[in-house]
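Structure record follows, encoded as structure tokens.
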Amino acid sequence: MSDADSNKTEPGQPSLRTTRRSFIKGVIVSGVAVSAVGYVVYERTARRPAAGAVERLITLNVNGRDRRVDVAPHETLAYTIRNKLGLTGTKVSCDRAECGACTVMLDGVTSYSCSTLTQSVRNRKIVTIEGIAGPTGGLHKVQQAMIDELGPQCGFCTSGQVVSAVALLNRNPKPTQDEARRGMSGNLCKCGAYDHYLKAVMRASQEA
Amino acid sequence: MDHKLIGKDFVVTDIEAKVTGRAKYVEDFRADGMVFCKSLTSPIPHAKIRSIDTSAALKMKGVLGILTADDVPQFPPPAQGIFAKDETFYVGEPILAVAAESEEIAVAAIEAIKIDFQELPHVVDPLESLFPGGPNARSGGNVAAGQIKLQTVKWDGADFATAGETKLPLGRPAEEWSYGDIDAGFKKAKVIVEENFVTATYSHNCMEARSAFAYWQGGKCFLYGSNQSHTAAIANISRYIGIKPDQLVFLAEFCGGGFGSKIPGYPNMAIAALMSKKINRPVMHRISRHEEYGIGSARPGFQGYVKMGFAANGKMVAADLYVVQESGPMATAGDFRAAGGALTLLYQPDAVRFRTVPVLTNTVPVGAQRGPGENQFVSVIEPMIDQAARQLNMDRIDIRIINAPDSDGKIGQDRGPLTSAFQKDALAKLKILGNWEERKKRSGQKNGTKVTGIGIGQGFHSAGSNGFDGLVRITTDGKLHIHTGVGNLGTHSHYSTARVAADLLNVNWENAIVERGDTRRGLPFNSPQAGSLTASTQSRTMYAAAMDMKDKLTDIAAQMLGGKPEDYVLGDEKVVSKSGGKSITYQQAAQKAVQLGGKYSGKEVPDELNPITKSAVAMIVGTGLIAAAKDKLPRVGTTPGLTCNLAEVEIDTETGVVEIKECFSVVDVGTVLFPLGLGHQIASGQILGIGMAHLERHIYDPKLGIPAAMGFHQSKVPTYLDIPPNIQWQAVEKPDPHHPLGIKGVGEPALGSGASCITSAIADALGGHLFNRTPVSADMILNHLSGRPPAHKPLQVNTV
């Protein structure tokens, strides 16, 4: 059965990722809701902040680097990293915290960046797919395992799958297959590549 | 033949880009001055558009232009157009698009547009439209598909009265054919299975929505699109934009899922292109998940009736099939025909009658989805085959073996031939792989609240074509460039088929460069990346090109070293004399080809090549030794890809939850081209089959015509939690004699057998109870187990 409320942490551990509820609350606080029509690319030029509005020019720590960036109050993290930082490896597919294509890590914990307000992660360490490879540019063992096991099909969900797998192995280096599939279950793949992705996660877990 | 590359695993060249996030999909591209556009889509299922007032929107700061049906090419109804004109047919249908400096402004402008709709009666259930006086989904009629012209079909009240609520009324079909004598067949049958069934319509749900990005330069339209094919889509996309094919530069390096919905291009692609032309700016047209539900296609559901007669030995002696297809509002799917084909192929009945009517509905446009028609058919029919076996007291695999095609099997109304079929061998192998004799003893076994079911499923789709153009080139640095115009759907066959050319030309894979993804690289006219075609079709296309290259290499060697071409053979990236001693490298041959010109350098090409191939060669002329050849190798008959699966499931009788414990698959796909890739197709077919069998479906409010399953989890796509821990597979590995390398395809049948083994297993767990419906939901199982009636009427569609 599909688990609509799938949670990225193992059973018994508290979920740390932003929930849809806290995202909605954040939107309400900021006073601007994203249009129901679908996701929206925001205006590029910063308007003068109104009295009491949040500061737009903020510092984000992304993949180990501090980046100064102009962020609207209602802007999502997926939008900021894709369109303002040019890190297009993070994908947007459902734009409503269902599919995990936009998964990034916030202080090591996976989060749906499509449903995270950028303003809310100012003091967090953000890791995107571009920050997964080693400092010398070598592939992470999860990435290598995904190549060896032919993990991806179309590849659109792959960035999110890789980030989730890395986060999973960081907190549980030797998961059982069942733990692995529960840990990965917040990431959808419409090609049905789950079997090969799981094999890759298990292979990576066996690497030193 | 001993091959270095064919049949071997390899690291797919573009996979590192996927695991590092460097692979670029449509929305990842940018251009200076790029602006955005958004579509205004219909909020109601069926209406006349009386007037559109865009004046307020056009005055808004940052709004750059509006594109309506008046600005775009028109296609005769009931074809799917770019924008609704005068009449809108479903919730989510694009009516116009607004371009603006930002999407935020475009959305605000859309809010400022006033449309005067006159609501018309709508219909989401085909039977309601066929009912006397029932609503038509279009003003012009309620039935259409391909060769079936738009017309109005209403059945007699008596048809409905006779059928009651539990049976499909058997009114006048739009298409009917038969062979053999079905009445005589049913008379001599020992067992007759007769059922009514429903298969749900469900979305393709591609992870990458069909966004498009376009700009114009030097009179050409540069279009970045999400497309599963490449050069096969050019003609159609050009038609949507209203330009000539050679005015289109089409960039489609990666495609985030298609499943049949992105085969020949689609109308939405033209919006970015035509908007860009109108406002003279690069235009990004991003499609939201919400919009994708409307324009992203869906597998059409069936309401059907079937009667099958079996002789004492299990042979199907007669079959009568009636399929009513929920066709959406446009004539975009021919699944119903494929259902008839699957019946004739998989069970080889002595006599068949097939009747069908594709009915238009005010739901989203439907289209081919992985195994269109065949897979809806097997998902409900395979459990009925089990029922016949039980009544005949036969083994459930044996009854399938008796009916399965061999290479003398026939297909379709015309009883056409097959190039090869080894389904009997596949089923026999499945018995061993799945430990059948032991496993089948667990049928119906109880373990606490759980009960075990063992299911068998089969899948079929034609899986090979021919007649396309191959293009390979050796450049003056000695590298082999393999030009491929198939798309990148994610099956990895764009590379596995390219390796055929390198293999046959004795080129190390490291010295081969695959040219693809951008028409400026010179891409020939190739098979659509669809219909389980690519592995078979593109490998023989590569074979044709490699043979032409081989002829040219030996020809040049003879010119350079003396003797005749047949005195030479291909060595390790060189041409060597059979007598030994003399040789030229491929690099020397390529340099010579540039000097020689003519047919060697691409200056002269065979006239029989497709115009797209000719313009591809023109882009690379003079850069080396060029071989461009049409595949004229013989192929007579349908090339069937065939699969069979075995599943063990456990049903929790307290919750209705189906847990899939183990799955096995055996495939008849001829020579195995790329084992790891084949395994991936089989596993993903099983997983998506699980979605089809007991999860995914459309829901429409019948009163309002509003869709209610628009998100991934509402649609219930399979997740990691739905899949079995280990999917095992084997191939029959008998080459197809109508293919130079024996290769057949697999993609679609893998989903059909994946779905039908689950529906079969669920029925088996419940003592053979047939739901005759996909998906089989937990609610349906619970209602059955507790003796309650189902929550829906037997032929009701769009149910929760």
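Residues are referred to by chain and number: the chain letter is A, B, ... according to the order shown in the structure tokens, the number counts from 1 in that chain, and ligands are numbered separately from 1 in the order shown.
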Exercise for the section: Please return, as a PyMOL selection string, all residues of chain B lying within 7 Å of chain A when only C-alpha atoms are considered. Expected result: chain B and resi 11+15-16+18-22+28+102-104+205-209+255-257+288-290+489-491+657-658+680+683-684+687-688+712-713+716+718-722
Those residues you just picked out, can you put them in a file as a PDB file, in the first residue's frame with C-alpha atoms?
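After the write, part_31.pdb holds the following:
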ATOM      1  CA  VAL B  11      28.083   2.045 -17.971  1.00  0.00           C
ATOM      2  CA  ILE B  15      24.057   8.146 -16.339  1.00  0.00           C
ATOM      3  CA  GLU B  16      26.677  10.154 -14.435  1.00  0.00           C
ATOM      4  CA  LYS B  18      21.711  11.920 -13.909  1.00  0.00           C
ATOM      5  CA  VAL B  19      23.249  10.948 -10.557  1.00  0.00           C
ATOM      6  CA  THR B  20      25.103  14.264 -10.208  1.00  0.00           C
ATOM      7  CA  GLY B  21      22.207  16.510 -11.204  1.00  0.00           C
ATOM      8  CA  ARG B  22      24.095  17.797 -14.236  1.00  0.00           C
ATOM      9  CA  ASP B  28      16.983  24.033 -16.495  1.00  0.00           C
ATOM     10  CA  SER B 102       7.589  37.044 -14.551  1.00  0.00           C
ATOM     11  CA  GLU B 103       5.232  34.163 -13.943  1.00  0.00           C
ATOM     12  CA  GLU B 104       3.751  36.117 -11.072  1.00  0.00           C
ATOM     13  CA  ASN B 205       2.044  11.242 -14.293  1.00  0.00           C
ATOM     14  CA  CYS B 206       5.446  11.917 -15.843  1.00  0.00           C
ATOM     15  CA  MET B 207       7.754  13.329 -13.170  1.00  0.00           C
ATOM     16  CA  GLU B 208       8.849  16.026 -15.624  1.00  0.00           C
ATOM     17  CA  ALA B 209       5.799  17.987 -16.675  1.00  0.00           C
ATOM     18  CA  CYS B 255      13.198  13.451 -20.980  1.00  0.00           C
ATOM     19  CA  GLY B 256      11.753  13.146 -17.506  1.00  0.00           C
ATOM     20  CA  GLY B 257       9.331  10.361 -18.256  1.00  0.00           C
ATOM     21  CA  SER B 288       2.715  22.829 -13.136  1.00  0.00           C
ATOM     22  CA  ARG B 289       1.668  19.430 -11.798  1.00  0.00           C
ATOM     23  CA  HIS B 290      -1.882  20.739 -11.756  1.00  0.00           C
ATOM     24  CA  LEU B 489      13.029   7.984 -22.578  1.00  0.00           C
ATOM     25  CA  GLY B 490      15.102   6.508 -19.788  1.00  0.00           C
ATOM     26  CA  THR B 491      15.272   2.951 -21.107  1.00  0.00           C
ATOM     27  CA  VAL B 657      -4.063  -4.472   2.194  1.00  0.00           C
ATOM     28  CA  VAL B 658      -2.261  -6.447  -0.494  1.00  0.00           C
ATOM     29  CA  HIS B 680      15.429  -2.753 -15.277  1.00  0.00           C
ATOM     30  CA  ALA B 683      11.422  -4.755 -12.759  1.00  0.00           C
ATOM     31  CA  SER B 684       9.898  -1.369 -13.534  1.00  0.00           C
ATOM     32  CA  ILE B 687       6.296  -2.109 -10.313  1.00  0.00           C
ATOM     33  CA  LEU B 688       4.108  -0.007 -12.612  1.00  0.00           C
ATOM     34  CA  PHE B 712       0.726  11.907  -7.223  1.00  0.00           C
ATOM     35  CA  HIS B 713      -0.655  10.546  -3.975  1.00  0.00           C
ATOM     36  CA  LYS B 716      -1.821   6.643  -5.950  1.00  0.00           C
ATOM     37  CA  PRO B 718       3.365   3.153  -6.508  1.00  0.00           C
ATOM     38  CA  THR B 719       5.973   4.009  -3.885  1.00  0.00           C
ATOM     39  CA  TYR B 720       8.933   2.151  -2.380  1.00  0.00           C
ATOM     40  CA  LEU B 721       6.468   0.690   0.126  1.00  0.00           C
ATOM     41  CA  ASP B 722       4.415  -1.038  -2.586  1.00  0.00           C
TER      42      ASP B 722
END
Practice task
Determine, counting only C-alpha atoms, which protein, DNA and RNA residues have an atom within 7 Å of an atom of segment 55-65 of chain A; residues of the same chain fewer than 5 positions away are not included. Present the result as an NGL selection string.
Solution key: :A and (70-72 or 122 or 124-128 or 131)
Practice task
Name the residues of segment 663-698 of chain B that fall into strand (DSSP E or B) according to DSSP on the backbone, using the chain letters and numbers of this document, as a PyMOL selection string.
Solution key: chain B and resi 663-668+670
Practice task
Write out as a VMD selection string which residues come within 9 Å of Tyr112 of chain A when counting only C-alpha atoms, dropping same-chain ones fewer than 2 positions away.
Solution key: chain A and resid 17 to 19 77 to 78 95 to 105 110 114 to 116
File dump, residues just selected, all heavy atoms, as a short mmCIF file (atom, residue, chain, number, x, y, z; two decimals), in the first residue's frame:
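So the final result, stored in selection.cif, reads:
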data_model
loop_
_atom_site.label_atom_id
_atom_site.label_comp_id
_atom_site.auth_asym_id
_atom_site.auth_seq_id
_atom_site.Cartn_x
_atom_site.Cartn_y
_atom_site.Cartn_z
N ARG A 17 11.89 16.78 9.23
CA ARG A 17 11.74 17.62 8.04
C ARG A 17 10.53 18.53 8.17
O ARG A 17 9.63 18.29 8.96
CB ARG A 17 11.65 16.74 6.79
CG ARG A 17 10.38 15.96 6.67
CD ARG A 17 10.37 15.22 5.35
NE ARG A 17 9.32 14.23 5.32
CZ ARG A 17 8.04 14.51 5.10
NH1 ARG A 17 7.65 15.76 4.93
NH2 ARG A 17 7.15 13.53 5.06
N THR A 18 10.54 19.56 7.36
CA THR A 18 9.44 20.50 7.36
C THR A 18 8.18 19.80 6.92
O THR A 18 8.16 19.14 5.89
CB THR A 18 9.73 21.65 6.37
OG1 THR A 18 11.00 22.16 6.70
CG2 THR A 18 8.69 22.73 6.46
N THR A 19 7.15 19.92 7.68
CA THR A 19 5.89 19.30 7.27
C THR A 19 5.13 20.29 6.41
O THR A 19 5.41 21.49 6.40
CB THR A 19 5.04 18.97 8.50
OG1 THR A 19 4.75 20.20 9.17
CG2 THR A 19 5.76 18.03 9.44
N LEU A 77 12.57 27.45 -1.27
CA LEU A 77 13.99 27.12 -1.38
C LEU A 77 14.31 26.51 -2.74
O LEU A 77 15.36 26.79 -3.32
CB LEU A 77 14.36 26.15 -0.24
CG LEU A 77 15.82 25.72 -0.16
CD1 LEU A 77 16.75 26.92 -0.05
CD2 LEU A 77 16.02 24.77 1.03
N ALA A 78 13.42 25.70 -3.27
CA ALA A 78 13.65 25.11 -4.59
C ALA A 78 13.82 26.22 -5.63
O ALA A 78 14.70 26.16 -6.49
CB ALA A 78 12.49 24.20 -4.99
N ASP A 95 5.66 19.99 -6.70
CA ASP A 95 5.59 21.31 -6.07
C ASP A 95 4.61 21.34 -4.90
O ASP A 95 4.02 22.37 -4.61
CB ASP A 95 5.18 22.36 -7.13
CG ASP A 95 5.69 23.75 -6.76
OD1 ASP A 95 6.76 23.83 -6.15
OD2 ASP A 95 4.99 24.73 -7.07
N ARG A 96 4.42 20.20 -4.26
CA ARG A 96 3.52 20.17 -3.10
C ARG A 96 3.92 19.11 -2.08
O ARG A 96 3.08 18.48 -1.45
CB ARG A 96 2.07 19.99 -3.55
CG ARG A 96 1.87 18.81 -4.47
CD ARG A 96 0.47 18.78 -5.03
NE ARG A 96 -0.47 18.19 -4.11
CZ ARG A 96 -1.76 18.08 -4.36
NH1 ARG A 96 -2.25 18.54 -5.50
NH2 ARG A 96 -2.57 17.52 -3.50
N ALA A 97 5.22 18.88 -1.97
CA ALA A 97 5.74 18.00 -0.92
C ALA A 97 5.19 16.58 -1.02
O ALA A 97 4.85 15.97 -0.02
CB ALA A 97 5.47 18.60 0.46
N GLU A 98 5.09 16.07 -2.24
CA GLU A 98 4.66 14.68 -2.39
C GLU A 98 5.75 13.78 -2.94
O GLU A 98 5.83 12.62 -2.58
CB GLU A 98 3.47 14.60 -3.38
CG GLU A 98 2.17 15.08 -2.84
CD GLU A 98 1.02 14.75 -3.78
OE1 GLU A 98 1.20 14.81 -5.01
OE2 GLU A 98 -0.05 14.43 -3.28
N CYS A 99 6.58 14.31 -3.86
CA CYS A 99 7.37 13.40 -4.69
C CYS A 99 8.84 13.33 -4.34
O CYS A 99 9.50 12.35 -4.65
CB CYS A 99 7.22 13.76 -6.17
SG CYS A 99 8.12 15.22 -6.69
N GLY A 100 9.40 14.36 -3.75
CA GLY A 100 10.80 14.30 -3.33
C GLY A 100 11.82 14.61 -4.41
O GLY A 100 13.02 14.52 -4.16
N ALA A 101 11.39 15.00 -5.61
CA ALA A 101 12.36 15.35 -6.66
C ALA A 101 13.22 16.54 -6.22
O ALA A 101 14.34 16.72 -6.69
CB ALA A 101 11.64 15.67 -7.97
N CYS A 102 12.69 17.35 -5.32
CA CYS A 102 13.37 18.58 -4.89
C CYS A 102 14.13 18.40 -3.58
O CYS A 102 14.52 19.38 -2.95
CB CYS A 102 12.32 19.67 -4.70
SG CYS A 102 11.21 19.28 -3.33
N THR A 103 14.34 17.14 -3.17
CA THR A 103 14.92 16.88 -1.85
C THR A 103 16.31 17.50 -1.69
O THR A 103 17.18 17.33 -2.55
CB THR A 103 15.01 15.36 -1.60
OG1 THR A 103 13.71 14.80 -1.73
CG2 THR A 103 15.56 15.07 -0.21
N VAL A 104 16.50 18.22 -0.60
CA VAL A 104 17.82 18.73 -0.20
C VAL A 104 18.01 18.35 1.27
O VAL A 104 17.08 17.87 1.92
CB VAL A 104 17.93 20.26 -0.36
CG1 VAL A 104 17.73 20.68 -1.80
CG2 VAL A 104 16.92 20.98 0.54
N MET A 105 19.22 18.57 1.77
CA MET A 105 19.44 18.35 3.20
C MET A 105 19.54 19.70 3.90
O MET A 105 20.19 20.62 3.41
CB MET A 105 20.73 17.57 3.42
CG MET A 105 20.58 16.08 3.23
SD MET A 105 22.08 15.23 3.75
CE MET A 105 22.86 14.93 2.19
N THR A 110 16.77 15.46 5.45
CA THR A 110 16.14 15.72 4.16
C THR A 110 14.92 16.62 4.31
O THR A 110 14.19 16.57 5.31
CB THR A 110 15.69 14.41 3.49
OG1 THR A 110 14.93 13.66 4.43
CG2 THR A 110 16.87 13.61 3.02
N CYS A 114 10.70 22.31 -2.34
CA CYS A 114 9.58 22.99 -3.01
C CYS A 114 8.61 23.56 -2.00
O CYS A 114 7.80 24.42 -2.32
CB CYS A 114 8.85 22.04 -3.95
SG CYS A 114 7.76 20.85 -3.12
N SER A 115 8.66 23.02 -0.79
CA SER A 115 7.68 23.41 0.22
C SER A 115 8.37 23.93 1.48
O SER A 115 7.85 23.80 2.57
CB SER A 115 6.77 22.23 0.54
OG SER A 115 6.10 21.83 -0.63
N THR A 116 9.57 24.47 1.27
CA THR A 116 10.32 25.09 2.36
C THR A 116 10.54 26.55 1.98
O THR A 116 11.01 26.83 0.87
CB THR A 116 11.70 24.40 2.51
OG1 THR A 116 11.49 23.02 2.76
CG2 THR A 116 12.51 25.02 3.63
#
Handout entry: atom CA of Gly531 of chain B to atom CA of Gly225 of chain B, straight-line distance in Å
Key = 20.1 Å
Exercise for the section: Going by DSSP on the backbone, which bits of segment 125-312 of chain B are alpha helix (DSSP H)? Write them as a VMD selection string, please. Expected result: chain B and resid 126 to 130 157 to 163 182 to 188 234 to 241 269 to 279 289 to 295
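The shortest atom-to-atom distance to Lys424 of chain B, with only C-alpha atoms taken into account, belongs to B:Val666 out of B:Val666, B:Ile584, B:Ile758, B:Val359.
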Within 9 Å of segment 543-560 of chain B, which residues of segment 566-662 of chain B come that close, and what is the closest atom pair and distance in Å for each? Count only C-alpha atoms and give it as CSV.
residue,atom,partner,partner_atom,distance
B:Glu566,CA,B:Thr554,CA,7.0
B:Asp567,CA,B:Ala558,CA,7.7
B:Tyr568,CA,B:Thr554,CA,5.6
B:Val569,CA,B:Thr554,CA,6.8
B:Leu570,CA,B:Lys550,CA,7.4
B:Lys574,CA,B:Leu553,CA,8.7
B:Val575,CA,B:Thr554,CA,6.5
B:Val576,CA,B:Ala557,CA,8.0
B:Ser577,CA,B:Ala557,CA,8.5
B:Ser583,CA,B:Ala557,CA,7.4
B:Ile584,CA,B:Ala557,CA,6.5
B:Tyr586,CA,B:Leu553,CA,7.6
B:Ala589,CA,B:Ile556,CA,6.4
B:Ala590,CA,B:Leu553,CA,8.5
B:Lys592,CA,B:Ile556,CA,7.5
B:Ala593,CA,B:Ile556,CA,7.5
B:Lys599,CA,B:Lys552,CA,8.8
B:Tyr600,CA,B:Lys552,CA,7.0
B:Leu625,CA,B:Met549,CA,8.0
B:Ile626,CA,B:Met549,CA,7.2
B:Ala627,CA,B:Met549,CA,5.0
B:Ala628,CA,B:Ala545,CA,5.8
B:Ala629,CA,B:Ala545,CA,5.2
B:Lys630,CA,B:Ala544,CA,6.6
B:Asp631,CA,B:Ala544,CA,5.3
B:Lys632,CA,B:Ala544,CA,7.8
B:Leu633,CA,B:Ala544,CA,7.8
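In this comparison, which uses only C-alpha atoms, the residue of B:Glu27, B:Asp503, B:Asp398, B:Glu111 approaching Met284 of chain B most closely is B:Glu27.
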Handout entry: 9 Å contact set for Ser205 of chain A, only C-alpha atoms, chain neighbours under 6 positions out, as number ranges by chain
Key = A: 141-142, 169, 172-175
What does the file look like for those residues with C-alpha atoms, as a compact mmCIF listing (two decimals), in the first residue's frame?
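Output saved as part_39.txt:
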# COMPACT_ATOMS: atom_id res chain seq x y z
CA LYS A 141 29.60 6.09 -3.00
CA VAL A 142 25.83 6.41 -3.40
CA LEU A 169 23.23 6.24 5.11
CA ASN A 172 21.94 4.62 9.43
CA PRO A 173 25.08 3.36 7.64
CA LYS A 174 23.96 -0.30 7.51
CA PRO A 175 20.20 -0.31 6.96
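Taking only C-alpha atoms into account, Gly134 of chain B lies nearest to B:Thr361 out of the set B:Ser327, B:Thr361, B:Thr638, B:Ser55.
The shortest atom-to-atom distance to Thr449 of chain B, with only C-alpha atoms taken into account, belongs to B:Ile651 out of B:Val91, B:Pro790, B:Ser226, B:Ile651.
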